[in-house]
Amino acid sequence: MRGFRTITAAAAAVTLTAGLLGAAAGAGSATARSDSGTGGGADSGTDSGIASVPSAIRTVSSGWTVPWGLSWLPDGSALVTERDSFKLFKLTQAGTRTEIGRVPNVVTTSGEGGLLGVAVSPNWNTDHYVYLMHSAASDNRIVRMTYNGSSLSGYTVLVTGIAKNRYHNGGRIKFGPDGYLYATTGDAQNSNLAQDRNSLNGKILRMTKDGKPAPGNPFGTLVFSLGHRNPQGVTWDAQGRLWEAEFGNSKYDELNLIESGKNYGWPVCEGNCSTSGMTSPKRQWTVSEASPSAVAYADGALYMAALRGERLWRIPVNGTSAGTPTAYYTTQYGRLRTVEKVPGKNSLWLSTTNADNNGGEPDGADKVFQVDLQ
């Protein structure tokens, strides 16, 4: 939910730390065009030199109710969370779905909370750890469980105290190429938290496998970047740069290039920001075109799933620049929540959440698709 935006004079005049002063606003002042359909030509210059685009789409699995997080196991199957049932499933590339357990202590917020992100340990073959982010009775939290290939056990809380609300709960977790776990947190409908370095909300967090601040974090805490409203997408490009997709309020949604210690502006700015010490997005969209959730990288481009926009955006990247976005599947499949690159294939998995509050479809209406890139 976009919610109401109230900015006080104090928030607008927020004092930035010395480490953030001089962090100039980045490129990306142009609003993305709203191309639709399945066309798309070659891009001029990407990191990989490859200009593949979506060429075919097929249904992998149907009968889902708000599938939210997706993370790959070493055998090429995926673990998938259902937000409102609090269940974790295994889904093979052949489309076989198996329920492996219900995560304890999860509660709904009757909005955007519940069982959210999932991340398989990079060392799963030896430790069998699975990490999850969910709403609990008093907060949002990050937990670890053991999945031994057949059952789920060993619920262990790693991070607590992330404020929750009906909306703006963030919830995406992923392991980065540096081996640390990253998590996105929303402002919990309290925009001032995004500028509070002592709060875990409105942030991107970076942590060890035990939930401790990762070495090199800019403030010595879990906080990696701040000034976020409701981020739900993170991915890394071929050079290890971190990109993030973020819900705006009523004007602009954002694609940001995330760097340690930088301030991305909320609630002082929504979209491009001229305030000293705050970083502008690389791309921005009107909210009707996007409302982004997950983002994934494949073959020189970022793919961003759009909820309200009901389309898959492809954004070519060249170094730290984001090129002209092109939209695919506009309104064809409804609200698109999660997109992930398939390991070992030039393909994506793409899921819907049309059975959520805003989609209005019945339980079981959601699907997981495979998008082939050529």
# chains A, B, ... in the order shown; residues from 1 in each chain; ligands from 1

$ residues_around --residues "stretch 220-233 of chain A" --least-positions-apart "6" --cutoff "7 Å" --atoms "only C-alpha atoms" --output "PyMOL selection string"
chain A and resi 168-172+184-187+191+194-195+200+202-207+212-214+244-248+260-266+293-295

$ select_by_dssp --residues "stretch 63-224 of chain A" --states "helix (DSSP H, G or I)" --output "list in words"
Trp124, Asn125, Thr126, Asp127, Ser191, Asn192, Leu193, Ala194 and Gln195 of chain A

$ atom_distance --atom1 "atom CA of A:Lys251" --atom2 "atom CA of A:Arg335"
19.3 Å

$ closest_residue --among "A:Asn165, A:Ser62, A:Ser199, A:Thr330" --to "A:Gly114" --atoms "only C-alpha atoms"
A:Asn165

$ closest_residue --among "A:Ile162, A:Ala355, A:Leu255, A:Val80" --to "A:Pro292" --atoms "only C-alpha atoms"
A:Leu255

$ residues_around --residues "A:Ser291" --least-positions-apart "3" --cutoff "8 Å" --atoms "only C-alpha atoms" --output "short mmCIF file (atom, residue, chain, number, x, y, z; two decimals) with N, CA and C atoms, in the first residue's frame"
data_model
loop_
_atom_site.label_atom_id
_atom_site.label_comp_id
_atom_site.auth_asym_id
_atom_site.auth_seq_id
_atom_site.Cartn_x
_atom_site.Cartn_y
_atom_site.Cartn_z
N GLU A 246 12.11 -0.48 -5.54
CA GLU A 246 11.46 0.12 -4.36
C GLU A 246 10.12 0.76 -4.71
N PHE A 247 9.11 0.48 -3.88
CA PHE A 247 7.82 1.14 -3.97
C PHE A 247 7.96 2.61 -3.58
N GLY A 248 7.49 3.51 -4.43
CA GLY A 248 7.33 4.90 -4.04
C GLY A 248 5.98 5.10 -3.36
N ASP A 253 8.07 5.15 -8.47
CA ASP A 253 8.78 3.96 -8.01
C ASP A 253 10.21 4.05 -8.51
N VAL A 287 3.77 5.40 -10.59
CA VAL A 287 3.34 4.25 -9.79
C VAL A 287 2.39 3.33 -10.56
N SER A 288 1.64 3.87 -11.52
CA SER A 288 0.72 3.03 -12.28
C SER A 288 1.45 2.10 -13.24
N ALA A 306 6.39 -6.16 -11.81
CA ALA A 306 5.54 -5.04 -11.41
C ALA A 306 4.16 -5.54 -11.00
N LEU A 307 3.70 -5.07 -9.85
CA LEU A 307 2.41 -5.47 -9.30
C LEU A 307 1.28 -4.65 -9.91
N ARG A 308 1.14 -3.41 -9.48
CA ARG A 308 0.08 -2.57 -10.05
C ARG A 308 0.28 -2.40 -11.56
N GLY A 309 1.52 -2.32 -12.00
CA GLY A 309 1.81 -2.15 -13.42
C GLY A 309 1.54 -3.39 -14.25
#

$ closest_residue --among "A:Gly63, A:Gly323, A:Pro122, A:Gly117" --to "A:Gly95" --atoms "only C-alpha atoms"
A:Gly63

$ residues_around --residues "stretch 146-160 of chain A" --least-positions-apart "4" --cutoff "10 Å" --atoms "only C-alpha atoms" --output "number ranges by chain"
A: 73, 88, 90, 98-105, 120-121, 124-133, 136, 138-142, 200, 207-212, 222

$ residues_around --residues "A:Gly334" --least-positions-apart "5" --cutoff "10 Å" --atoms "only C-alpha atoms" --output "PyMOL selection string"
chain A and resi 306-311+329+351-354+359+361+366

$ write_last_selection --atoms "C-alpha atoms" --output "short mmCIF file (atom, residue, chain, number, x, y, z; two decimals), in the first residue's frame"
data_model
loop_
_atom_site.label_atom_id
_atom_site.label_comp_id
_atom_site.auth_asym_id
_atom_site.auth_seq_id
_atom_site.Cartn_x
_atom_site.Cartn_y
_atom_site.Cartn_z
CA ALA A 306 5.54 -5.04 -11.41
CA LEU A 307 2.41 -5.47 -9.30
CA ARG A 308 0.08 -2.57 -10.05
CA GLY A 309 1.81 -2.15 -13.42
CA GLU A 310 1.13 -5.82 -14.28
CA ARG A 311 4.20 -6.16 -16.48
CA TYR A 329 3.43 -9.08 -20.88
CA SER A 351 5.29 -15.63 -10.28
CA THR A 352 1.97 -13.84 -9.81
CA THR A 353 0.10 -12.73 -6.70
CA ASN A 354 -3.35 -12.13 -8.14
CA GLY A 359 -5.61 -8.71 -7.05
CA GLU A 361 -8.72 -13.34 -7.46
CA ASP A 366 -1.63 -17.75 -8.86
#

$ closest_residue --among "A:Thr320, A:Ala327, A:Asn198, A:Val339" --to "A:Val234" --atoms "only C-alpha atoms"
A:Val339

$ select_by_dssp --residues "stretch 130-273 of chain A" --states "strand (DSSP E or B)" --output "VMD selection string"
chain A and resid 130 to 135 140 to 147 152 to 162 173 to 175 181 to 185 203 to 207 213 223 to 226 230 to 236 242 to 247 252 to 258 263

$ closest_residue --among "A:Gly111, A:Met278, A:Ser85, A:Tyr252" --to "A:Asn358" --atoms "only C-alpha atoms"
A:Gly111

$ residues_around --residues "A:Arg166" --least-positions-apart "6" --cutoff "8 Å" --atoms "only C-alpha atoms" --output "ChimeraX atom specification"
/A:109-113,188

$ write_last_selection --atoms "C-alpha atoms" --output "short mmCIF file (atom, residue, chain, number, x, y, z; two decimals), in the first residue's frame"
data_model
loop_
_atom_site.label_atom_id
_atom_site.label_comp_id
_atom_site.auth_asym_id
_atom_site.auth_seq_id
_atom_site.Cartn_x
_atom_site.Cartn_y
_atom_site.Cartn_z
CA THR A 109 -0.95 -8.27 8.99
CA SER A 110 -4.06 -8.45 6.79
CA GLY A 111 -2.06 -6.50 4.26
CA GLU A 112 1.50 -7.07 3.07
CA GLY A 113 2.93 -9.04 6.00
CA ALA A 188 6.30 0.22 8.60
#

$ residues_around --residues "A:Ala298" --least-positions-apart "6" --cutoff "12 Å" --atoms "only C-alpha atoms" --output "ChimeraX atom specification"
/A:46-54,235-239,304,314-317,339-349,371-374

$ decode --residues "stretch 55-81 of chain A" --atoms "C-alpha atoms" --output "PDB file, in the first residue's frame"
ATOM      1  CA  SER A  55      11.139 -15.006 -26.270  1.00  0.00           C
ATOM      2  CA  ALA A  56       8.723 -17.567 -24.810  1.00  0.00           C
ATOM      3  CA  ILE A  57       6.689 -18.087 -21.660  1.00  0.00           C
ATOM      4  CA  ARG A  58       5.066 -21.224 -20.252  1.00  0.00           C
ATOM      5  CA  THR A  59       3.360 -22.243 -17.017  1.00  0.00           C
ATOM      6  CA  VAL A  60       5.535 -24.284 -14.647  1.00  0.00           C
ATOM      7  CA  SER A  61       2.974 -24.610 -11.843  1.00  0.00           C
ATOM      8  CA  SER A  62      -0.517 -23.356 -10.980  1.00  0.00           C
ATOM      9  CA  GLY A  63      -2.839 -23.491  -7.991  1.00  0.00           C
ATOM     10  CA  TRP A  64      -0.841 -21.115  -5.767  1.00  0.00           C
ATOM     11  CA  THR A  65      -2.153 -18.542  -3.299  1.00  0.00           C
ATOM     12  CA  VAL A  66       0.156 -15.526  -3.026  1.00  0.00           C
ATOM     13  CA  PRO A  67       3.554 -17.147  -3.602  1.00  0.00           C
ATOM     14  CA  TRP A  68       6.049 -14.570  -2.343  1.00  0.00           C
ATOM     15  CA  GLY A  69       9.685 -15.671  -1.932  1.00  0.00           C
ATOM     16  CA  LEU A  70      11.714 -18.036  -4.110  1.00  0.00           C
ATOM     17  CA  SER A  71      15.222 -19.422  -3.626  1.00  0.00           C
ATOM     18  CA  TRP A  72      17.089 -22.181  -5.441  1.00  0.00           C
ATOM     19  CA  LEU A  73      18.341 -25.448  -3.989  1.00  0.00           C
ATOM     20  CA  PRO A  74      21.547 -26.992  -5.365  1.00  0.00           C
ATOM     21  CA  ASP A  75      19.573 -29.604  -7.344  1.00  0.00           C
ATOM     22  CA  GLY A  76      17.854 -26.862  -9.387  1.00  0.00           C
ATOM     23  CA  SER A  77      14.498 -27.034  -7.622  1.00  0.00           C
ATOM     24  CA  ALA A  78      13.200 -24.012  -5.738  1.00  0.00           C
ATOM     25  CA  LEU A  79      11.847 -23.295  -2.287  1.00  0.00           C
ATOM     26  CA  VAL A  80       8.766 -21.073  -2.472  1.00  0.00           C
ATOM     27  CA  THR A  81       6.882 -19.361   0.365  1.00  0.00           C
TER      28      THR A  81
END
